[in-house]
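Reproduced below: entry-v5.txt, with compact mmCIF, C-alpha atoms and all ligand atoms.
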# COMPACT_ATOMS: atom_id res chain seq x y z
CA MET A 102 71.74 124.55 136.27
CA VAL A 103 73.30 127.96 136.84
CA ALA A 104 76.26 128.62 134.55
CA PRO A 105 79.59 129.30 136.30
CA ARG A 106 80.08 132.99 136.96
CA PHE A 107 82.46 135.39 138.62
CA HIS A 108 81.69 137.43 141.72
CA PRO A 109 83.97 139.87 143.53
CA LEU A 110 85.08 138.27 146.82
CA THR A 111 87.07 139.98 149.56
CA ILE A 112 90.17 138.36 151.06
CA ALA A 113 89.58 137.71 154.76
CA ALA A 114 92.94 136.10 155.60
CA VAL A 115 96.30 135.29 154.06
CA ARG A 116 98.54 132.73 155.67
CA GLU A 117 102.08 131.84 154.60
CA GLU A 118 102.24 128.05 154.35
CA THR A 119 105.82 127.73 153.10
CA ALA A 120 108.39 130.15 151.62
CA ASP A 121 106.56 129.97 148.29
CA ALA A 122 102.99 128.95 149.12
CA ARG A 123 100.11 130.89 150.61
CA CYS A 124 96.63 130.01 151.78
CA ILE A 125 94.14 132.71 150.82
CA THR A 126 90.70 132.80 152.44
CA PHE A 127 87.80 134.69 150.90
CA THR A 128 84.68 135.87 152.67
CA VAL A 129 81.54 134.52 151.02
CA PRO A 130 78.66 136.93 151.66
CA PRO A 131 75.39 135.31 152.87
CA ASP A 132 73.58 135.98 149.57
CA LEU A 133 76.28 134.03 147.65
CA ARG A 134 76.55 131.02 149.98
CA ASP A 135 74.48 128.80 147.67
CA ALA A 136 76.44 129.86 144.60
CA TYR A 137 79.74 128.99 146.33
CA ALA A 138 78.56 125.69 147.87
CA PHE A 139 81.08 123.02 146.81
CA VAL A 140 81.94 119.36 147.08
CA PRO A 141 85.38 118.57 148.58
CA GLY A 142 87.86 118.26 145.70
CA GLN A 143 86.50 121.14 143.58
CA TYR A 144 88.39 124.29 142.53
CA VAL A 145 87.72 127.94 141.78
CA THR A 146 89.09 130.08 138.96
CA ILE A 147 90.46 133.51 139.79
CA ARG A 148 90.54 136.25 137.16
CA ILE A 149 92.80 139.29 137.05
CA ASP A 150 93.45 141.95 134.44
CA ARG A 151 97.15 142.36 133.69
CA ALA A 152 98.18 144.82 130.98
CA CYS A 153 94.73 144.47 129.40
CA GLU A 154 95.09 140.69 129.40
CA ASP A 155 92.43 138.56 131.07
CA LEU A 156 94.50 136.14 133.20
CA ARG A 157 92.76 133.15 134.77
CA ARG A 158 94.16 130.52 137.08
CA SER A 159 92.40 127.62 138.78
CA TYR A 160 93.11 126.80 142.42
CA SER A 161 91.77 123.87 144.42
CA ILE A 162 89.71 124.65 147.49
CA CYS A 163 91.44 123.58 150.70
CA SER A 164 88.68 124.54 153.15
CA THR A 165 85.70 122.34 153.93
CA PRO A 166 82.06 123.18 153.16
CA GLU A 167 81.55 123.73 156.91
CA ASP A 168 84.35 126.29 157.29
CA ASP A 169 83.76 130.02 157.44
CA GLY A 170 84.94 131.38 154.12
CA LEU A 171 86.44 129.67 151.14
CA SER A 172 90.22 129.02 151.09
CA VAL A 173 92.58 128.15 148.28
CA GLY A 174 96.24 127.15 148.34
CA VAL A 175 98.47 129.09 145.93
CA ARG A 176 102.04 128.07 145.17
CA CYS A 177 103.97 131.04 143.80
CA ILE A 178 105.98 129.80 140.84
CA ALA A 179 109.12 131.81 139.98
CA GLY A 180 108.48 133.90 136.87
CA GLY A 181 104.73 133.21 136.80
CA SER A 182 102.79 136.40 136.13
CA PHE A 183 99.87 135.29 138.30
CA SER A 184 102.22 134.07 141.03
CA ALA A 185 103.96 137.44 141.24
CA PHE A 186 100.55 139.03 141.71
CA ALA A 187 99.52 136.41 144.30
CA ARG A 188 102.51 137.36 146.45
CA THR A 189 101.16 140.91 146.78
CA LEU A 190 97.65 139.93 147.88
CA ASP A 191 96.53 141.02 151.31
CA VAL A 192 93.49 141.12 153.59
CA GLY A 193 90.82 143.43 152.18
CA ASP A 194 91.83 142.95 148.52
CA VAL A 195 88.94 142.03 146.24
CA LEU A 196 89.31 139.45 143.45
CA ASP A 197 86.99 138.05 140.80
CA VAL A 198 86.39 134.43 141.84
CA MET A 199 84.35 131.99 139.76
CA THR A 200 81.81 129.74 141.44
CA PRO A 201 83.29 126.28 142.24
CA GLN A 202 83.82 123.82 139.40
CA GLY A 203 85.46 120.47 138.79
CA ARG A 204 84.81 116.77 138.70
CA PHE A 205 87.43 115.68 141.21
CA LEU A 206 84.76 115.01 143.80
CA ALA A 207 84.55 113.28 147.15
CA PRO A 208 80.91 113.64 148.19
CA ILE A 209 80.44 113.19 151.92
CA GLY A 210 78.18 110.46 153.30
CA GLY A 211 78.54 106.75 154.06
CA VAL A 212 81.58 104.75 155.11
CA HIS A 213 84.73 104.89 153.00
CA ASP A 214 88.34 103.84 153.01
CA TYR A 215 90.07 106.47 150.87
CA LEU A 216 93.63 106.65 149.64
CA LEU A 217 94.97 110.15 148.86
CA LEU A 218 98.20 110.53 146.88
CA ALA A 219 99.53 114.11 146.80
CA ALA A 220 102.71 115.85 145.73
CA GLY A 221 103.60 119.50 146.43
CA SER A 222 100.64 121.85 146.10
CA GLY A 223 98.55 118.83 145.08
CA ILE A 224 97.80 118.62 148.80
CA THR A 225 95.29 121.48 148.46
CA PRO A 226 92.15 119.52 147.47
CA MET A 227 93.27 116.67 149.74
CA MET A 228 93.01 118.98 152.76
CA SER A 229 89.39 119.57 151.95
CA ILE A 230 88.70 115.88 151.26
CA ALA A 231 90.54 114.52 154.32
CA ARG A 232 89.08 117.03 156.77
CA SER A 233 85.54 116.67 155.36
CA VAL A 234 85.58 112.87 155.28
CA LEU A 235 87.04 112.46 158.76
CA ALA A 236 84.65 114.99 160.29
CA GLY A 237 81.57 114.02 158.29
CA GLU A 238 81.86 110.22 158.15
CA SER A 239 82.51 108.87 161.63
CA LYS A 240 83.54 105.39 160.48
CA SER A 241 85.58 106.29 157.40
CA ARG A 242 89.35 105.97 157.09
CA VAL A 243 91.77 108.14 155.13
CA THR A 244 95.34 107.24 154.17
CA LEU A 245 97.44 110.11 152.81
CA LEU A 246 100.86 109.75 151.16
CA TYR A 247 102.27 113.26 150.68
CA ALA A 248 105.47 113.82 148.71
CA ASN A 249 107.69 116.91 148.91
CA ARG A 250 111.31 117.85 148.33
CA THR A 251 112.09 118.80 151.94
CA SER A 252 110.20 119.24 155.19
CA ASP A 253 110.27 123.02 154.62
CA SER A 254 108.19 122.64 151.48
CA ILE A 255 105.33 120.76 153.20
CA MET A 256 102.14 122.82 152.95
CA PHE A 257 99.55 122.69 155.77
CA ARG A 258 102.01 120.81 157.99
CA ASP A 259 100.49 121.91 161.30
CA LYS A 260 96.95 121.25 160.08
CA LEU A 261 97.94 117.75 158.95
CA ASP A 262 99.61 117.06 162.31
CA ALA A 263 96.48 118.27 164.11
CA LEU A 264 94.35 116.00 161.94
CA LYS A 265 96.58 113.05 162.78
CA ASP A 266 96.32 113.79 166.52
CA ARG A 267 92.58 114.17 166.32
CA TYR A 268 91.83 111.06 164.26
CA LEU A 269 94.58 108.74 165.50
CA THR A 270 92.89 105.51 164.42
CA ARG A 271 91.24 106.71 161.21
CA PHE A 272 93.88 108.92 159.56
CA SER A 273 97.22 107.58 158.38
CA LEU A 274 99.75 110.13 157.12
CA SER A 275 103.16 109.47 155.55
CA HIS A 276 105.49 112.28 154.45
CA ILE A 277 107.78 111.22 151.62
CA LEU A 278 110.81 113.47 150.99
CA ASP A 279 113.30 113.22 148.15
CA GLU A 280 115.89 115.82 149.16
CA GLU A 281 116.02 115.19 152.87
CA GLN A 282 116.95 111.92 154.53
CA GLN A 283 114.46 110.43 156.99
CA GLU A 284 115.19 107.53 159.33
CA VAL A 285 112.62 105.20 157.77
CA GLU A 286 113.90 104.27 154.31
CA LEU A 287 110.37 103.79 152.96
CA LEU A 288 109.78 107.54 153.42
CA ASN A 289 112.76 108.62 151.29
CA GLY A 290 112.49 109.24 147.55
CA ARG A 291 109.70 110.08 145.15
CA LEU A 292 106.10 108.95 144.98
CA ASP A 293 106.77 106.79 141.93
CA ARG A 294 106.07 103.21 140.86
CA GLN A 295 108.72 101.74 143.13
CA LYS A 296 107.56 103.69 146.16
CA LEU A 297 103.88 102.94 145.67
CA SER A 298 104.68 99.25 145.22
CA ALA A 299 106.78 99.34 148.42
CA PHE A 300 103.91 100.97 150.38
CA THR A 301 101.61 98.25 149.06
CA ARG A 302 103.99 95.47 150.07
CA ALA A 303 104.30 97.07 153.52
CA GLY A 304 100.49 96.85 153.88
CA ILE A 305 100.11 100.63 154.35
CA ILE A 306 98.03 101.04 151.21
CA HIS A 307 95.72 98.53 149.50
CA PRO A 308 95.11 99.64 145.89
CA ASP A 309 92.66 96.79 145.27
CA ARG A 310 90.56 97.58 148.36
CA HIS A 311 90.26 101.37 148.70
CA ASP A 312 86.82 102.79 147.90
CA GLY A 313 88.40 105.73 146.13
CA ILE A 314 91.95 106.74 145.20
CA TYR A 315 92.43 110.49 144.74
CA ILE A 316 95.62 111.69 143.07
CA CYS A 317 96.80 115.31 142.79
CA GLY A 318 100.22 116.76 141.93
CA PRO A 319 102.35 117.45 138.86
CA GLN A 320 100.88 115.85 135.78
CA PRO A 321 103.60 113.18 135.24
CA MET A 322 103.19 112.09 138.88
CA MET A 323 99.40 111.79 138.46
CA GLU A 324 99.72 109.79 135.26
CA GLU A 325 102.32 107.44 136.75
CA ALA A 326 100.47 106.97 140.05
CA SER A 327 97.20 106.25 138.30
CA SER A 328 98.87 103.66 136.05
CA VAL A 329 100.60 102.03 139.05
CA MET A 330 97.32 101.91 140.98
CA ARG A 331 95.65 100.10 138.08
CA ASP A 332 98.57 97.66 137.84
CA LEU A 333 98.28 96.99 141.58
CA GLY A 334 94.65 96.02 141.26
CA ALA A 335 92.64 99.26 141.62
CA ALA A 336 89.47 99.38 139.53
CA PRO A 337 89.73 102.27 137.01
CA ASP A 338 86.46 103.81 138.26
CA LYS A 339 87.93 104.15 141.76
CA ILE A 340 90.86 106.28 140.55
CA HIS A 341 90.24 110.03 140.45
CA PHE A 342 92.50 112.76 139.15
CA GLU A 343 92.00 115.98 137.25
CA LEU A 344 94.29 117.25 134.53
CA PHE A 345 94.67 120.96 133.86
CA THR A 346 96.81 120.51 130.74
CA PRO A 347 96.50 117.76 128.14
CA PRO A 348 98.58 114.59 128.60
CA GLY A 349 101.95 115.10 126.89
CA GLY A 350 101.39 118.87 126.60
CA PRO A 351 99.06 120.83 124.33
CA PRO A 352 98.72 119.22 120.88
CA PRO A 353 98.98 121.42 117.77
CA VAL A 354 95.60 123.01 117.07
CA ALA A 355 93.87 121.06 114.30
CA SER A 356 92.84 123.05 111.26
CA ALA A 357 89.15 123.57 110.68
CA SER A 358 87.38 120.89 108.66
CA PRO A 359 86.06 121.85 105.18
CA ALA A 360 82.52 122.13 106.66
CA ALA A 361 83.67 124.45 109.49
CA SER A 362 85.79 126.55 107.10
CA GLU A 363 82.89 126.89 104.68
CA ALA A 364 80.46 127.87 107.45
CA ALA A 365 82.86 130.52 108.79
CA ALA A 366 83.55 131.88 105.29
CA GLU A 367 79.81 132.34 104.71
CA GLY A 368 79.32 133.74 108.23
CA VAL A 369 77.64 131.91 111.13
CA VAL A 370 75.16 133.38 113.57
CA VAL A 371 75.77 131.92 117.03
CA GLU A 372 73.07 132.26 119.66
CA VAL A 373 73.79 131.46 123.30
CA ILE A 374 71.38 131.00 126.19
CA LEU A 375 73.05 132.08 129.41
CA ASP A 376 71.31 132.82 132.70
CA GLY A 377 67.98 132.67 130.89
CA THR A 378 68.93 135.34 128.35
CA ARG A 379 69.52 134.80 124.62
CA ARG A 380 72.34 136.66 122.89
CA ARG A 381 73.62 136.52 119.30
CA PHE A 382 76.98 137.21 117.74
CA PRO A 383 78.68 136.50 114.40
CA LEU A 384 81.42 133.97 113.79
CA ASP A 385 83.13 134.64 110.45
CA GLN A 386 86.82 133.85 110.92
CA THR A 387 88.12 130.50 109.71
CA GLY A 388 89.24 128.28 112.56
CA GLU A 389 87.68 130.50 115.23
CA THR A 390 85.90 128.85 118.15
CA VAL A 391 82.59 129.93 119.64
CA LEU A 392 84.34 131.17 122.78
CA ALA A 393 86.86 133.24 120.79
CA ALA A 394 84.09 134.76 118.63
CA ALA A 395 82.04 135.60 121.73
CA ARG A 396 85.01 137.32 123.36
CA ARG A 397 85.69 139.27 120.16
CA ALA A 398 82.05 140.39 120.25
CA GLY A 399 82.47 141.51 123.87
CA LEU A 400 80.30 138.74 125.30
CA GLU A 401 81.41 137.03 128.51
CA LEU A 402 80.90 133.27 128.40
CA PRO A 403 82.11 131.01 131.23
CA TYR A 404 85.60 129.59 130.68
CA SER A 405 88.81 128.82 132.48
CA CYS A 406 91.44 126.63 130.76
CA THR A 407 90.52 127.22 127.05
CA ALA A 408 92.10 123.82 126.36
CA GLY A 409 89.21 121.35 126.59
CA MET A 410 90.28 120.23 130.08
CA CYS A 411 88.17 121.92 132.75
CA CYS A 412 84.62 121.72 131.37
CA THR A 413 83.78 125.24 132.63
CA CYS A 414 82.56 126.18 129.13
CA ARG A 415 80.27 123.11 128.81
CA CYS A 416 77.02 123.84 126.99
CA LYS A 417 74.37 121.95 125.04
CA ILE A 418 73.79 122.18 121.32
CA VAL A 419 70.13 123.12 120.89
CA ASP A 420 70.20 123.75 117.15
CA GLY A 421 72.77 123.46 114.38
CA THR A 422 75.91 121.37 114.03
CA SER A 423 79.52 121.79 115.08
CA GLU A 424 82.85 120.05 115.55
CA MET A 425 85.06 119.93 118.62
CA ILE A 426 88.81 120.44 118.28
CA GLN A 427 89.70 118.44 121.39
CA ASN A 428 87.91 117.12 124.44
CA TYR A 429 89.53 115.89 127.64
CA SER A 430 86.62 116.41 129.99
CA LEU A 431 83.21 115.55 128.52
CA GLU A 432 82.10 111.97 129.17
CA PRO A 433 80.76 109.77 126.35
CA TRP A 434 77.18 110.15 127.67
CA GLU A 435 77.49 113.94 127.52
CA LEU A 436 78.68 113.84 123.92
CA LYS A 437 75.75 111.57 123.10
CA ALA A 438 73.37 113.99 124.83
CA GLY A 439 74.63 116.86 122.68
CA TYR A 440 76.99 118.68 125.05
CA THR A 441 80.05 120.46 123.73
CA LEU A 442 82.86 122.69 124.96
CA ALA A 443 82.52 126.28 123.73
CA CYS A 444 86.29 126.81 123.84
CA GLN A 445 86.73 123.95 121.38
CA THR A 446 83.60 124.30 119.23
CA ARG A 447 83.61 125.38 115.59
CA PRO A 448 80.20 125.62 113.90
CA THR A 449 79.61 123.58 110.76
CA SER A 450 76.13 125.05 110.08
CA LYS A 451 74.88 128.57 109.28
CA THR A 452 73.37 128.96 112.73
CA LEU A 453 74.33 127.38 116.02
CA VAL A 454 72.34 127.66 119.26
CA LEU A 455 74.10 126.72 122.51
CA ASP A 456 72.47 126.49 125.94
CA PHE A 457 74.79 127.19 128.87
CA ASP A 458 71.95 126.76 131.36
CA ALA A 459 71.27 123.13 130.39
CA SER A 460 71.91 120.76 133.29
S1 LIG A 501 87.39 126.51 129.17
FE1 LIG A 501 88.15 124.63 130.01
S2 LIG A 501 87.21 123.16 128.70
FE2 LIG A 501 86.65 125.02 127.79
When written as structure tokens, how does the structure in this file appear?
Ligand code: FES
Amino acid sequence: MVAPRFHPLTIAAVREETADARCITFTVPPDLRDAYAFVPGQYVTIRIDRACEDLRRSYSICSTPEDDGLSVGVRCIAGGSFSAFARTLDVGDVLDVMTPQGRFLAPIGGVHDYLLLAAGSGITPMMSIARSVLAGESKSRVTLLYANRTSDSIMFRDKLDALKDRYLTRFSLSHILDEEQQEVELLNGRLDRQKLSAFTRAGIIHPDRHDGIYICGPQPMMEEASSVMRDLGAAPDKIHFELFTPPGGPPPVASASPAASEAAAEGVVVEVILDGTRRRFPLDQTGETVLAAARRAGLELPYSCTAGMCCTCRCKIVDGTSEMIQNYSLEPWELKAGYTLACQTRPTSKTLVLDFDAS
């Protein structure tokens, strides 16, 4: 497996989707096509330097694997340092873009009946999933419930309309608005428990029958929708959503265990294997993680969220022992196989060898 890495990509197009959302398309040069191949639902991380600070933000891919270029949807949040920068971006600008990551996946192939639940900019990965499934699986169906405040805040509106016209019998689209009255009462309000139950009673969605239910939007909406889907009969393994911050907000950082404190006090030598090359650096500060120590030593390891959520820093423990502060992304089988998250790993032995190339 090739570890995630950044490459400079040039912006080929910028399109205003709404007053505060833009779709940015990057050119992917022929020699990087394989590196940027993705499964619908994945995201990329963009890195910028602001006042000597390394800022990273993850954005879901809204294009399909067949499109020319790779597009992301960016909602510009008032006061957000990255958002202010995103507003200035134009054709020809070059940004550091990480190769696609993420486990919110809708692989194409077969026959499916998918339900997509999106709110606001959560539509971004759904565009990729809906377009890819409808074009690539001639018998599959997609039902999309898309919630916004008003019709002006609907991203990709014309593309969604075109999709509806093109796949009349296989694509069902409902716009739900909570600050603008629509004639059909079912379409007014929020995408909450009541609304999802009402859509189920109306026979528009079938939580117990869909092959996959993909949910993307603000975190409370995703947590509520996923719980409602389970209550309405959806099997847990059919429900897909990806959190970028821990449920309930970031927990206080746990102090290092006595073993980790002792190892750091004595000084640990960490060795990483990345892109086939071995590099060493010291870790000698109590409570410090492998990722933090590597950055202090000037070594670039792959990372994005630094919160145990995204899995970009996943690596395998080859030698030594360690503890993880928190983990929201590694599956039980990965923990059993010896994988860890570098952004959350504190060594508990004198040496620790981590392989970022391990698949
Ligand atoms: S950087 Fe996201 S889990 Fe470590």
One-decimal distance in Å that lies between atom CA of Tyr247 of chain A and atom CA of Leu274 of chain A = 7.6 Å
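The closest residue to ligand LIG 501 (chain A), picked from A:Thr146, A:Ser460, A:Leu278, A:Pro109 and counting only C-alpha atoms and all ligand atoms, is A:Thr146.
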Would you place a box with edges along x, y and z of the file around all atoms of segment 248-262 of chain A listed there, add 8 Å to each of its six sides, and report the centre and edge lengths in Å to one decimal, as lines of an AutoDock Vina configuration file?
center_x = 104.5
center_y = 118.4
center_z = 155.3
size_x = 31.1
size_y = 25.2
size_z = 30.0
Quick one: everything within 6 Å of Ile316 of chain A, counting only C-alpha atoms, minus sequence neighbours fewer than 4 positions away in the same chain. Send it as a PDB file with C-alpha atoms, in the coordinates of the input.
ATOM      1  CA  LEU A 218      98.200 110.530 146.880  1.00  0.00           C
ATOM      2  CA  ALA A 219      99.530 114.110 146.800  1.00  0.00           C
ATOM      3  CA  MET A 323      99.400 111.790 138.460  1.00  0.00           C
ATOM      4  CA  PHE A 342      92.500 112.760 139.150  1.00  0.00           C
TER       5      PHE A 342
END
Using only C-alpha atoms and all ligand atoms, find each residue with an atom at most 6 Å away from ligand LIG 501 (chain A) and format the answer as a VMD selection string.
-> chain A and resid 404 to 414 442 to 444
Which residue, A:Leu217, A:Glu167, A:Arg157, A:Val198, has the smallest gap to Phe183 of chain A when you use all atoms listed in the file?
-> A:Arg157
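Neighbours of Lys451 of chain A closer than or equal to 8 Å, with only C-alpha atoms counted and sequence neighbours fewer than 2 positions away skipped, come out as Ala364, Glu367, Gly368, Val369, Val370, Gly421, Pro448, Thr449 and Leu453 of chain A.
The environment of Gly439 of chain A within 10 Å, counting all atoms listed in the file and disregarding residues fewer than 5 places along the same chain, consists of Cys416, Lys417, Ile418, Val419, Asp420, Thr422, Trp434 and Leu455 of chain A.
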Among A:Leu110, A:Leu216, A:Leu400, A:Leu261, Ser241 of chain A is approached most closely, using all atoms listed in the file, by A:Leu216
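Using only C-alpha atoms, the nearest neighbour of Ser423 of chain A within the list A:Gln386, A:Thr244, A:Ser358, A:Thr111 is A:Ser358.
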Considering all atoms listed in the file, state which residue in the set A:Asp458, A:Glu118, A:Glu324, A:Glu372 is at the smallest distance from Thr225 of chain A.
-> A:Glu118
Identify which of the residues A:Ala120, A:Leu206, A:Val454, A:Val371 lies closest to Thr251 of chain A, counting all atoms listed in the file when measuring atom-to-atom distances.
-> A:Ala120
